[in-house]
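*Asks:* Data: my_file19.pdb, PDB, C-alpha atoms.
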MODEL        1
ATOM      1  CA  MET A   1      86.516 -11.307-137.149
ATOM      2  CA  LYS A   2      87.316  -9.989-133.675
ATOM      3  CA  ASN A   3      90.975 -10.217-132.725
ATOM      4  CA  LYS A   4      91.742 -12.638-129.915
ATOM      5  CA  ILE A   5      93.341 -10.957-126.916
ATOM      6  CA  ILE A   6      96.447 -12.779-125.686
ATOM      7  CA  PRO A   7      97.251 -11.931-122.040
ATOM      8  CA  TYR A   8     100.734 -10.712-121.150
ATOM      9  CA  ASN A   9     102.828  -9.720-118.177
ATOM     10  CA  PRO A  10     102.324  -5.933-117.768
ATOM     11  CA  LYS A  11     105.927  -5.612-116.586
ATOM     12  CA  LEU A  12     107.001  -6.304-120.175
ATOM     13  CA  LYS A  13     105.303  -3.204-121.556
ATOM     14  CA  GLU A  14     108.133  -0.783-120.768
ATOM     15  CA  PHE A  15     110.771  -3.257-121.938
ATOM     16  CA  ALA A  16     108.917  -3.642-125.246
ATOM     17  CA  ARG A  17     108.923   0.140-125.639
ATOM     18  CA  GLN A  18     112.687   0.208-125.136
ATOM     19  CA  LEU A  19     113.164  -2.564-127.677
ATOM     20  CA  ARG A  20     111.279  -0.519-130.270
ATOM     21  CA  LYS A  21     113.666   2.371-129.678
ATOM     22  CA  ASN A  22     116.718   0.123-130.008
ATOM     23  CA  SER A  23     115.871  -2.099-132.957
ATOM     24  CA  THR A  24     118.520  -4.238-134.619
ATOM     25  CA  LEU A  25     119.392  -3.647-138.269
ATOM     26  CA  SER A  26     117.468  -6.718-139.412
ATOM     27  CA  GLU A  27     114.395  -5.592-137.438
ATOM     28  CA  VAL A  28     114.553  -2.148-139.057
ATOM     29  CA  LEU A  29     114.913  -3.646-142.536
ATOM     30  CA  LEU A  30     111.996  -6.024-142.092
ATOM     31  CA  TRP A  31     109.776  -3.405-140.463
ATOM     32  CA  GLU A  32     110.145  -1.264-143.588
ATOM     33  CA  LYS A  33     108.523  -4.128-145.507
ATOM     34  CA  LEU A  34     105.802  -4.943-142.964
ATOM     35  CA  LYS A  35     104.515  -1.566-141.808
ATOM     36  CA  GLN A  36     101.420   0.206-143.131
ATOM     37  CA  ARG A  37      99.720  -3.080-144.050
ATOM     38  CA  SER A  38     102.228  -3.723-146.832
ATOM     39  CA  MET A  39     101.405  -7.439-146.639
ATOM     40  CA  GLY A  40      97.661  -6.846-146.541
ATOM     41  CA  VAL A  41      97.533  -7.281-142.761
ATOM     42  CA  GLN A  42      98.578  -5.089-139.842
ATOM     43  CA  PHE A  43     101.784  -5.897-137.969
ATOM     44  CA  HIS A  44     103.069  -4.315-134.761
ATOM     45  CA  ARG A  45     106.613  -4.256-133.392
ATOM     46  CA  GLN A  46     107.852  -5.757-130.118
ATOM     47  CA  VAL A  47     104.552  -7.067-128.805
ATOM     48  CA  PRO A  48     104.248  -8.654-125.325
ATOM     49  CA  LEU A  49     102.514 -12.053-125.330
ATOM     50  CA  LEU A  50     102.312 -14.154-122.161
ATOM     51  CA  GLU A  51     105.798 -13.871-120.612
ATOM     52  CA  TYR A  52     107.510 -13.081-123.908
ATOM     53  CA  ILE A  53     108.023 -10.256-126.383
ATOM     54  CA  VAL A  54     107.853 -11.137-130.076
ATOM     55  CA  ASP A  55     109.571  -9.031-132.734
ATOM     56  CA  PHE A  56     106.480  -8.594-134.925
ATOM     57  CA  TYR A  57     102.881  -9.606-134.388
ATOM     58  CA  CYS A  58      99.700  -9.604-136.469
ATOM     59  CA  HIS A  59      96.657  -9.678-134.162
ATOM     60  CA  GLU A  60      94.115 -10.640-136.811
ATOM     61  CA  LEU A  61      96.084 -13.733-137.847
ATOM     62  CA  GLN A  62      97.723 -14.436-134.479
ATOM     63  CA  LEU A  63     100.971 -14.609-136.413
ATOM     64  CA  ALA A  64     104.246 -13.791-134.667
ATOM     65  CA  ILE A  65     107.541 -13.274-136.491
ATOM     66  CA  GLU A  66     110.877 -13.684-134.740
ATOM     67  CA  ILE A  67     114.311 -12.846-136.140
ATOM     68  CA  ASP A  68     116.918 -15.214-134.728
ATOM     69  CA  GLY A  69     120.421 -13.843-134.380
ATOM     70  CA  VAL A  70     123.581 -15.666-133.347
ATOM     71  CA  SER A  71     122.538 -15.630-129.681
ATOM     72  CA  HIS A  72     119.660 -17.997-130.468
ATOM     73  CA  ASP A  73     122.157 -20.720-131.339
ATOM     74  CA  PHE A  74     122.874 -20.969-127.612
ATOM     75  CA  LYS A  75     119.272 -21.182-126.417
ATOM     76  CA  TYR A  76     117.562 -23.706-128.660
ATOM     77  CA  ASP A  77     115.650 -25.340-125.775
ATOM     78  CA  LYS A  78     114.328 -22.000-124.534
ATOM     79  CA  ASP A  79     113.214 -21.081-128.041
ATOM     80  CA  GLN A  80     111.355 -24.382-128.342
ATOM     81  CA  GLN A  81     109.631 -23.843-124.991
ATOM     82  CA  ARG A  82     108.678 -20.303-125.983
ATOM     83  CA  GLU A  83     107.253 -21.541-129.276
ATOM     84  CA  HIS A  84     105.296 -24.301-127.522
ATOM     85  CA  GLN A  85     103.739 -21.891-125.011
ATOM     86  CA  LEU A  86     102.692 -19.471-127.743
ATOM     87  CA  GLU A  87     101.211 -22.261-129.848
ATOM     88  CA  LYS A  88      99.094 -23.339-126.861
ATOM     89  CA  VAL A  89      97.261 -19.986-126.982
ATOM     90  CA  GLY A  90      96.859 -20.136-130.757
ATOM     91  CA  VAL A  91      99.850 -18.082-131.884
ATOM     92  CA  HIS A  92     101.705 -19.277-134.986
ATOM     93  CA  LEU A  93     105.417 -18.445-134.803
ATOM     94  CA  LEU A  94     107.466 -17.876-137.946
ATOM     95  CA  ARG A  95     111.230 -17.852-137.365
ATOM     96  CA  LEU A  96     113.651 -16.047-139.658
ATOM     97  CA  GLN A  97     117.432 -15.887-139.630
ATOM     98  CA  ASP A  98     119.082 -12.518-138.970
ATOM     99  CA  GLN A  99     121.562 -12.969-141.821
ATOM    100  CA  GLU A 100     118.793 -14.051-144.154
ATOM    101  CA  VAL A 101     116.869 -10.821-143.534
ATOM    102  CA  LYS A 102     119.983  -8.783-144.285
ATOM    103  CA  SER A 103     121.083 -10.637-147.404
ATOM    104  CA  ASN A 104     118.031 -12.339-148.908
ATOM    105  CA  MET A 105     114.974 -10.187-148.298
ATOM    106  CA  PHE A 106     113.174 -11.609-151.322
ATOM    107  CA  SER A 107     113.068 -15.116-149.812
ATOM    108  CA  VAL A 108     112.081 -13.676-146.443
ATOM    109  CA  LEU A 109     109.121 -11.801-147.896
ATOM    110  CA  MET A 110     108.058 -14.815-149.936
ATOM    111  CA  SER A 111     108.071 -16.905-146.774
ATOM    112  CA  ILE A 112     105.954 -14.349-144.919
ATOM    113  CA  LYS A 113     103.516 -13.994-147.819
ATOM    114  CA  GLU A 114     103.104 -17.762-148.094
ATOM    115  CA  THR A 115     102.499 -18.054-144.354
ATOM    116  CA  ILE A 116      99.895 -15.279-144.416
ATOM    117  CA  ALA A 117      98.186 -16.856-147.417
ATOM    118  CA  GLN A 118      98.123 -20.259-145.735
ATOM    119  CA  MET A 119      96.576 -18.841-142.562
ATOM    120  CA  GLN A 120      93.989 -16.886-144.523
ATOM    121  CA  HIS A 121      93.201 -20.014-146.515
ATOM    122  CA  LYS A 122      92.390 -21.837-143.272
ATOM    123  CA  ASP A 123      90.135 -19.021-142.051
ATOM    124  CA  PRO A 124      88.029 -17.457-144.848
ATOM    125  CA  ASN A 125      86.441 -15.024-142.363
ATOM    126  CA  LEU A 126      89.612 -12.961-142.088
ATOM    127  CA  ASN A 127      89.234  -9.485-143.560
ATOM    128  CA  ALA A 128      92.741  -9.324-144.987
ATOM    129  CA  GLU A 129      93.440  -9.541-148.678
ATOM    130  CA  LYS A 130      93.390 -13.161-149.841
ATOM    131  CA  THR A 131      96.276 -14.752-151.742
ATOM    132  CA  PRO A 132      95.570 -18.177-153.276
ATOM    133  CA  LEU A 133      98.016 -21.005-152.677
ATOM    134  CA  LYS A 134      99.441 -23.181-155.404
ATOM    135  CA  SER A 135      98.892 -26.176-153.186
ATOM    136  CA  PRO A 136      97.698 -26.820-149.610
ATOM    137  CA  GLN A 137     101.096 -28.460-149.074
ATOM    138  CA  GLY A 138     103.079 -25.732-150.794
ATOM    139  CA  ASP A 139     103.581 -23.379-147.866
ATOM    140  CA  ASN A 140     106.850 -22.533-146.155
ATOM    141  CA  SER A 141     106.071 -23.887-142.717
ATOM    142  CA  PHE A 142     107.829 -26.904-141.225
ATOM    143  CA  PRO A 143     105.326 -28.594-138.883
ATOM    144  CA  LYS A 144     106.241 -31.369-136.484
ATOM    145  CA  LYS A 145     104.476 -34.007-138.585
ATOM    146  CA  GLU A 146     106.998 -33.404-141.391
ATOM    147  CA  LYS A 147     110.000 -34.184-139.181
ATOM    148  CA  LEU A 148     111.468 -37.642-139.649
ATOM    149  CA  THR A 149     111.665 -39.601-136.395
ATOM    150  CA  HIS A 150     111.205 -43.224-137.511
ATOM    151  CA  LYS A 151     114.306 -45.200-136.490
ATOM    152  CA  THR A 152     113.710 -48.006-138.993
ATOM    153  CA  ILE A 153     113.393 -45.532-141.859
ATOM    154  CA  PHE A 154     116.612 -43.839-140.738
ATOM    155  CA  GLU A 155     118.395 -47.178-141.010
ATOM    156  CA  LYS A 156     116.891 -47.904-144.426
ATOM    157  CA  LEU A 157     117.892 -44.469-145.679
ATOM    158  CA  PHE A 158     121.552 -45.071-144.927
ATOM    159  CA  SER A 159     121.496 -48.610-146.326
ATOM    160  CA  GLU A 160     119.144 -48.257-149.313
ATOM    161  CA  GLY A 161     118.697 -44.536-149.948
ATOM    162  CA  LYS A 162     119.671 -42.669-153.092
ATOM    163  CA  THR A 163     121.970 -39.666-152.821
ATOM    164  CA  LEU A 164     122.466 -36.253-154.362
ATOM    165  CA  LYS A 165     125.279 -33.857-153.463
ATOM    166  CA  GLU A 166     125.684 -30.119-153.752
ATOM    167  CA  PHE A 167     128.419 -28.886-151.450
ATOM    168  CA  PRO A 168     128.107 -28.363-148.546
ATOM    169  CA  VAL A 169     124.922 -30.473-148.346
ATOM    170  CA  LYS A 170     124.176 -34.102-149.177
ATOM    171  CA  LEU A 171     120.629 -35.363-149.665
ATOM    172  CA  ILE A 172     119.816 -38.990-148.899
ATOM    173  CA  TYR A 173     116.274 -39.950-149.871
ATOM    174  CA  LEU A 174     114.031 -42.986-150.022
ATOM    175  CA  ASN A 175     110.616 -43.660-151.511
ATOM    176  CA  THR A 176     108.569 -45.031-148.611
ATOM    177  CA  SER A 177     105.214 -44.639-146.868
ATOM    178  CA  PHE A 178     104.003 -43.095-143.624
ATOM    179  CA  PRO A 179     100.899 -43.868-141.538
ATOM    180  CA  ASP A 180      99.824 -40.218-141.685
ATOM    181  CA  ALA A 181     100.403 -39.979-145.466
ATOM    182  CA  VAL A 182     102.677 -36.930-145.196
ATOM    183  CA  PRO A 183     104.399 -36.532-148.603
ATOM    184  CA  VAL A 184     107.874 -35.827-147.208
ATOM    185  CA  LYS A 185     109.441 -36.251-143.782
ATOM    186  CA  VAL A 186     112.815 -34.655-143.165
ATOM    187  CA  ALA A 187     115.763 -34.989-140.801
ATOM    188  CA  VAL A 188     118.925 -32.887-140.709
ATOM    189  CA  VAL A 189     122.343 -34.064-139.550
ATOM    190  CA  ALA A 190     125.509 -32.260-138.488
ATOM    191  CA  PRO A 191     128.207 -34.886-137.791
ATOM    192  CA  LYS A 192     129.661 -35.048-134.276
ATOM    193  CA  LYS A 193     133.077 -36.031-135.606
ATOM    194  CA  LYS A 194     133.464 -32.662-137.301
ATOM    195  CA  PHE A 195     131.576 -30.526-134.791
ATOM    196  CA  LYS A 196     132.270 -31.512-131.203
ATOM    197  CA  LYS A 197     130.137 -28.844-129.551
ATOM    198  CA  ALA A 198     126.366 -29.280-129.442
ATOM    199  CA  VAL A 199     125.846 -25.566-129.995
ATOM    200  CA  GLU A 200     127.719 -25.790-133.314
ATOM    201  CA  ARG A 201     125.668 -28.774-134.452
ATOM    202  CA  ASN A 202     122.424 -27.088-133.410
ATOM    203  CA  ARG A 203     123.279 -23.994-135.413
ATOM    204  CA  ILE A 204     124.034 -26.026-138.534
ATOM    205  CA  LYS A 205     120.837 -28.034-138.166
ATOM    206  CA  ARG A 206     118.872 -24.831-137.691
ATOM    207  CA  LEU A 207     120.293 -23.454-140.954
ATOM    208  CA  LEU A 208     119.513 -26.681-142.817
ATOM    209  CA  ARG A 209     115.941 -26.694-141.533
ATOM    210  CA  GLU A 210     115.485 -23.040-142.423
ATOM    211  CA  ALA A 211     116.881 -23.504-145.935
ATOM    212  CA  TYR A 212     114.563 -26.471-146.467
ATOM    213  CA  ARG A 213     111.559 -24.625-145.057
ATOM    214  CA  LEU A 214     112.053 -21.718-147.432
ATOM    215  CA  ASN A 215     112.376 -23.940-150.504
ATOM    216  CA  LYS A 216     110.088 -26.889-149.786
ATOM    217  CA  PRO A 217     107.369 -25.711-152.229
ATOM    218  CA  LEU A 218     109.786 -26.777-154.985
ATOM    219  CA  ILE A 219     109.060 -30.399-154.109
ATOM    220  CA  PHE A 220     105.618 -30.245-152.496
ATOM    221  CA  ASN A 221     104.159 -28.769-155.659
ATOM    222  CA  ASN A 222     105.745 -31.456-157.853
ATOM    223  CA  ILE A 223     106.017 -34.626-155.775
ATOM    224  CA  GLU A 224     104.192 -37.921-156.189
ATOM    225  CA  GLY A 225     104.219 -40.542-153.448
ATOM    226  CA  ASN A 226     105.945 -40.401-150.058
ATOM    227  CA  TYR A 227     109.619 -39.773-149.373
ATOM    228  CA  ALA A 228     111.989 -39.678-146.426
ATOM    229  CA  PHE A 229     114.820 -37.131-146.611
ATOM    230  CA  ILE A 230     118.027 -36.688-144.656
ATOM    231  CA  PHE A 231     120.086 -33.572-145.261
ATOM    232  CA  LEU A 232     123.687 -34.114-144.162
ATOM    233  CA  TYR A 233     126.100 -31.220-143.768
ATOM    234  CA  LEU A 234     129.431 -32.007-145.462
ATOM    235  CA  GLY A 235     131.477 -28.913-144.656
ATOM    236  CA  LYS A 236     134.204 -28.657-142.040
ATOM    237  CA  LYS A 237     133.490 -25.082-140.981
ATOM    238  CA  ASP A 238     130.430 -23.173-139.816
ATOM    239  CA  PRO A 239     128.331 -22.585-142.931
ATOM    240  CA  ASP A 240     127.082 -19.354-144.397
ATOM    241  CA  PHE A 241     123.291 -19.424-144.702
ATOM    242  CA  ARG A 242     123.325 -18.206-148.283
ATOM    243  CA  GLN A 243     125.630 -21.064-149.287
ATOM    244  CA  VAL A 244     123.388 -23.603-147.555
ATOM    245  CA  GLU A 245     120.247 -22.213-149.166
ATOM    246  CA  ILE A 246     121.747 -22.282-152.664
ATOM    247  CA  ALA A 247     122.800 -25.899-152.145
ATOM    248  CA  MET A 248     119.363 -26.795-150.775
ATOM    249  CA  LYS A 249     117.542 -25.246-153.710
ATOM    250  CA  THR A 250     119.825 -27.019-156.181
ATOM    251  CA  LEU A 251     119.305 -30.372-154.450
ATOM    252  CA  LEU A 252     115.519 -30.080-154.365
ATOM    253  CA  LYS A 253     115.388 -29.154-158.038
ATOM    254  CA  ALA A 254     117.706 -32.052-158.877
ATOM    255  CA  PHE A 255     115.524 -34.439-156.870
ATOM    256  CA  VAL A 256     112.363 -33.440-158.750
ATOM    257  CA  ASN A 257     114.158 -33.623-162.080
ATOM    258  CA  LYS A 258     115.648 -37.053-161.347
ATOM    259  CA  GLU A 259     112.584 -38.703-159.828
ATOM    260  CA  PHE A 260     109.758 -37.090-161.800
ATOM    261  CA  HIS A 261     111.522 -35.749-164.894
ATOM    262  CA  GLU A 262     110.191 -32.294-164.134
ATOM    263  CA  LYS A 263     112.612 -29.463-164.808
ATOM    264  CA  ILE A 264     112.218 -26.496-162.447
ATOM    265  CA  ASP A 265     113.609 -23.107-163.398
TER
ENDMDL
END
Could you show the structure in this file as structure tokens?
*Replies:*
Amino acid sequence: MKNKIIPYNPKLKEFARQLRKNSTLSEVLLWEKLKQRSMGVQFHRQVPLLEYIVDFYCHELQLAIEIDGVSHDFKYDKDQQREHQLEKVGVHLLRLQDQEVKSNMFSVLMSIKETIAQMQHKDPNLNAEKTPLKSPQGDNSFPKKEKLTHKTIFEKLFSEGKTLKEFPVKLIYLNTSFPDAVPVKVAVVAPKKKFKKAVERNRIKRLLREAYRLNKPLIFNNIEGNYAFIFLYLGKKDPDFRQVEIAMKTLLKAFVNKEFHEKID
């Protein structure tokens, strides 16, 4: 399959070259795992696309990988716009947390492998090595259709939902139904009373979403029916991603065990 050429601003070429020479620690660590077709596909570093430069890019899959550091907590809207523009030209963007790359490379690589496998599954003409999926739903993406936006379901969750707690995260869930038959729709909440600044709440919500995204196969491969989830942050201080991810994994396993009597190791 011929790689699709994505146009870019030629003025970015020199800047991209400089970025390659001045990589962050997390970029260096991840590049060691991606280079020389280690994932079965070819990645390149600091690639200009449109008016942007992405950290890593696979031309044959049109897959971009971005490592979000602390600075991204202050530019959520710009990141969303960037992602939207890239998606319009067919680029799939996978976001990773800087701290996650440094401290939990195993989960990072699993996420990348699952994403590659999912994209190859959709396009059998790709020449890269194929990796079968456990389930079409069992990937580590977090598409818009899986985000909970129904106001009435929100209200029912808080009035009728069941709860599970694993500090610093609380899961409120409800067996329901959706018009598009998505198995699980998710919302994340960082309370305004504890975190006055929007940037603090956005960072916490980003961590909750990322922790869920990385561990969602635990439920998608075991779930029956349709569920609405709200993940509520209970802590009083900015969380550590590792702590949030451990809590998330524990909650998802507990949910499956409680609702479907399936024990997950």
*Asks:* Apply the PyMOL selection byres ((chain A and resi 161-170) around 7) to the displayed file and report the matching residues as a VMD selection string.
*Replies:* chain A and resid 156 to 160 171 to 174 231 to 235 244 247 251
*Asks:* What is the distance between CA of Ala117 in chain A and CA of Pro217 in chain A, in Å to one decimal?
*Replies:*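 CA of Pro217 in chain A lies at a distance of 13.6 Å from CA of Ala117 in chain A.
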*Asks:* List as a PyMOL selection string the protein and nucleic acid residues near Leu63 in chain A, meaning an atom at most 12 Å away when only C-alpha atoms are counted, but skip any in the same chain fewer than 4 places from it.
*Replies:* chain A and resi 3-4+6+41-44+47+49+54-59+83+86-87+89-95+112-113+115-120
*Asks:* Skipping near chain neighbours, those fewer than 5 positions away, what residues fall within 9 Å of Lys13 in chain A using only C-alpha atoms, listed as JSON, numbers by chain?
*Replies:* {"A": [8, 18, 47, 48, 53]}
*Asks:* Counting all atoms listed in the file, which of A:Ile223, A:Leu30, A:Val108, A:Leu218 gets nearest to Glu259 in chain A?
*Replies:*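 With all atoms listed in the file as the atom set, the closest residue is A:Ile223.
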*Asks:* Please determine, counting only C-alpha atoms, which residue among A:Lys102, A:Arg45, A:Lys35, A:Arg206 has the shortest atom-to-atom distance to Lys21 in chain A.
*Replies:* A:Arg45
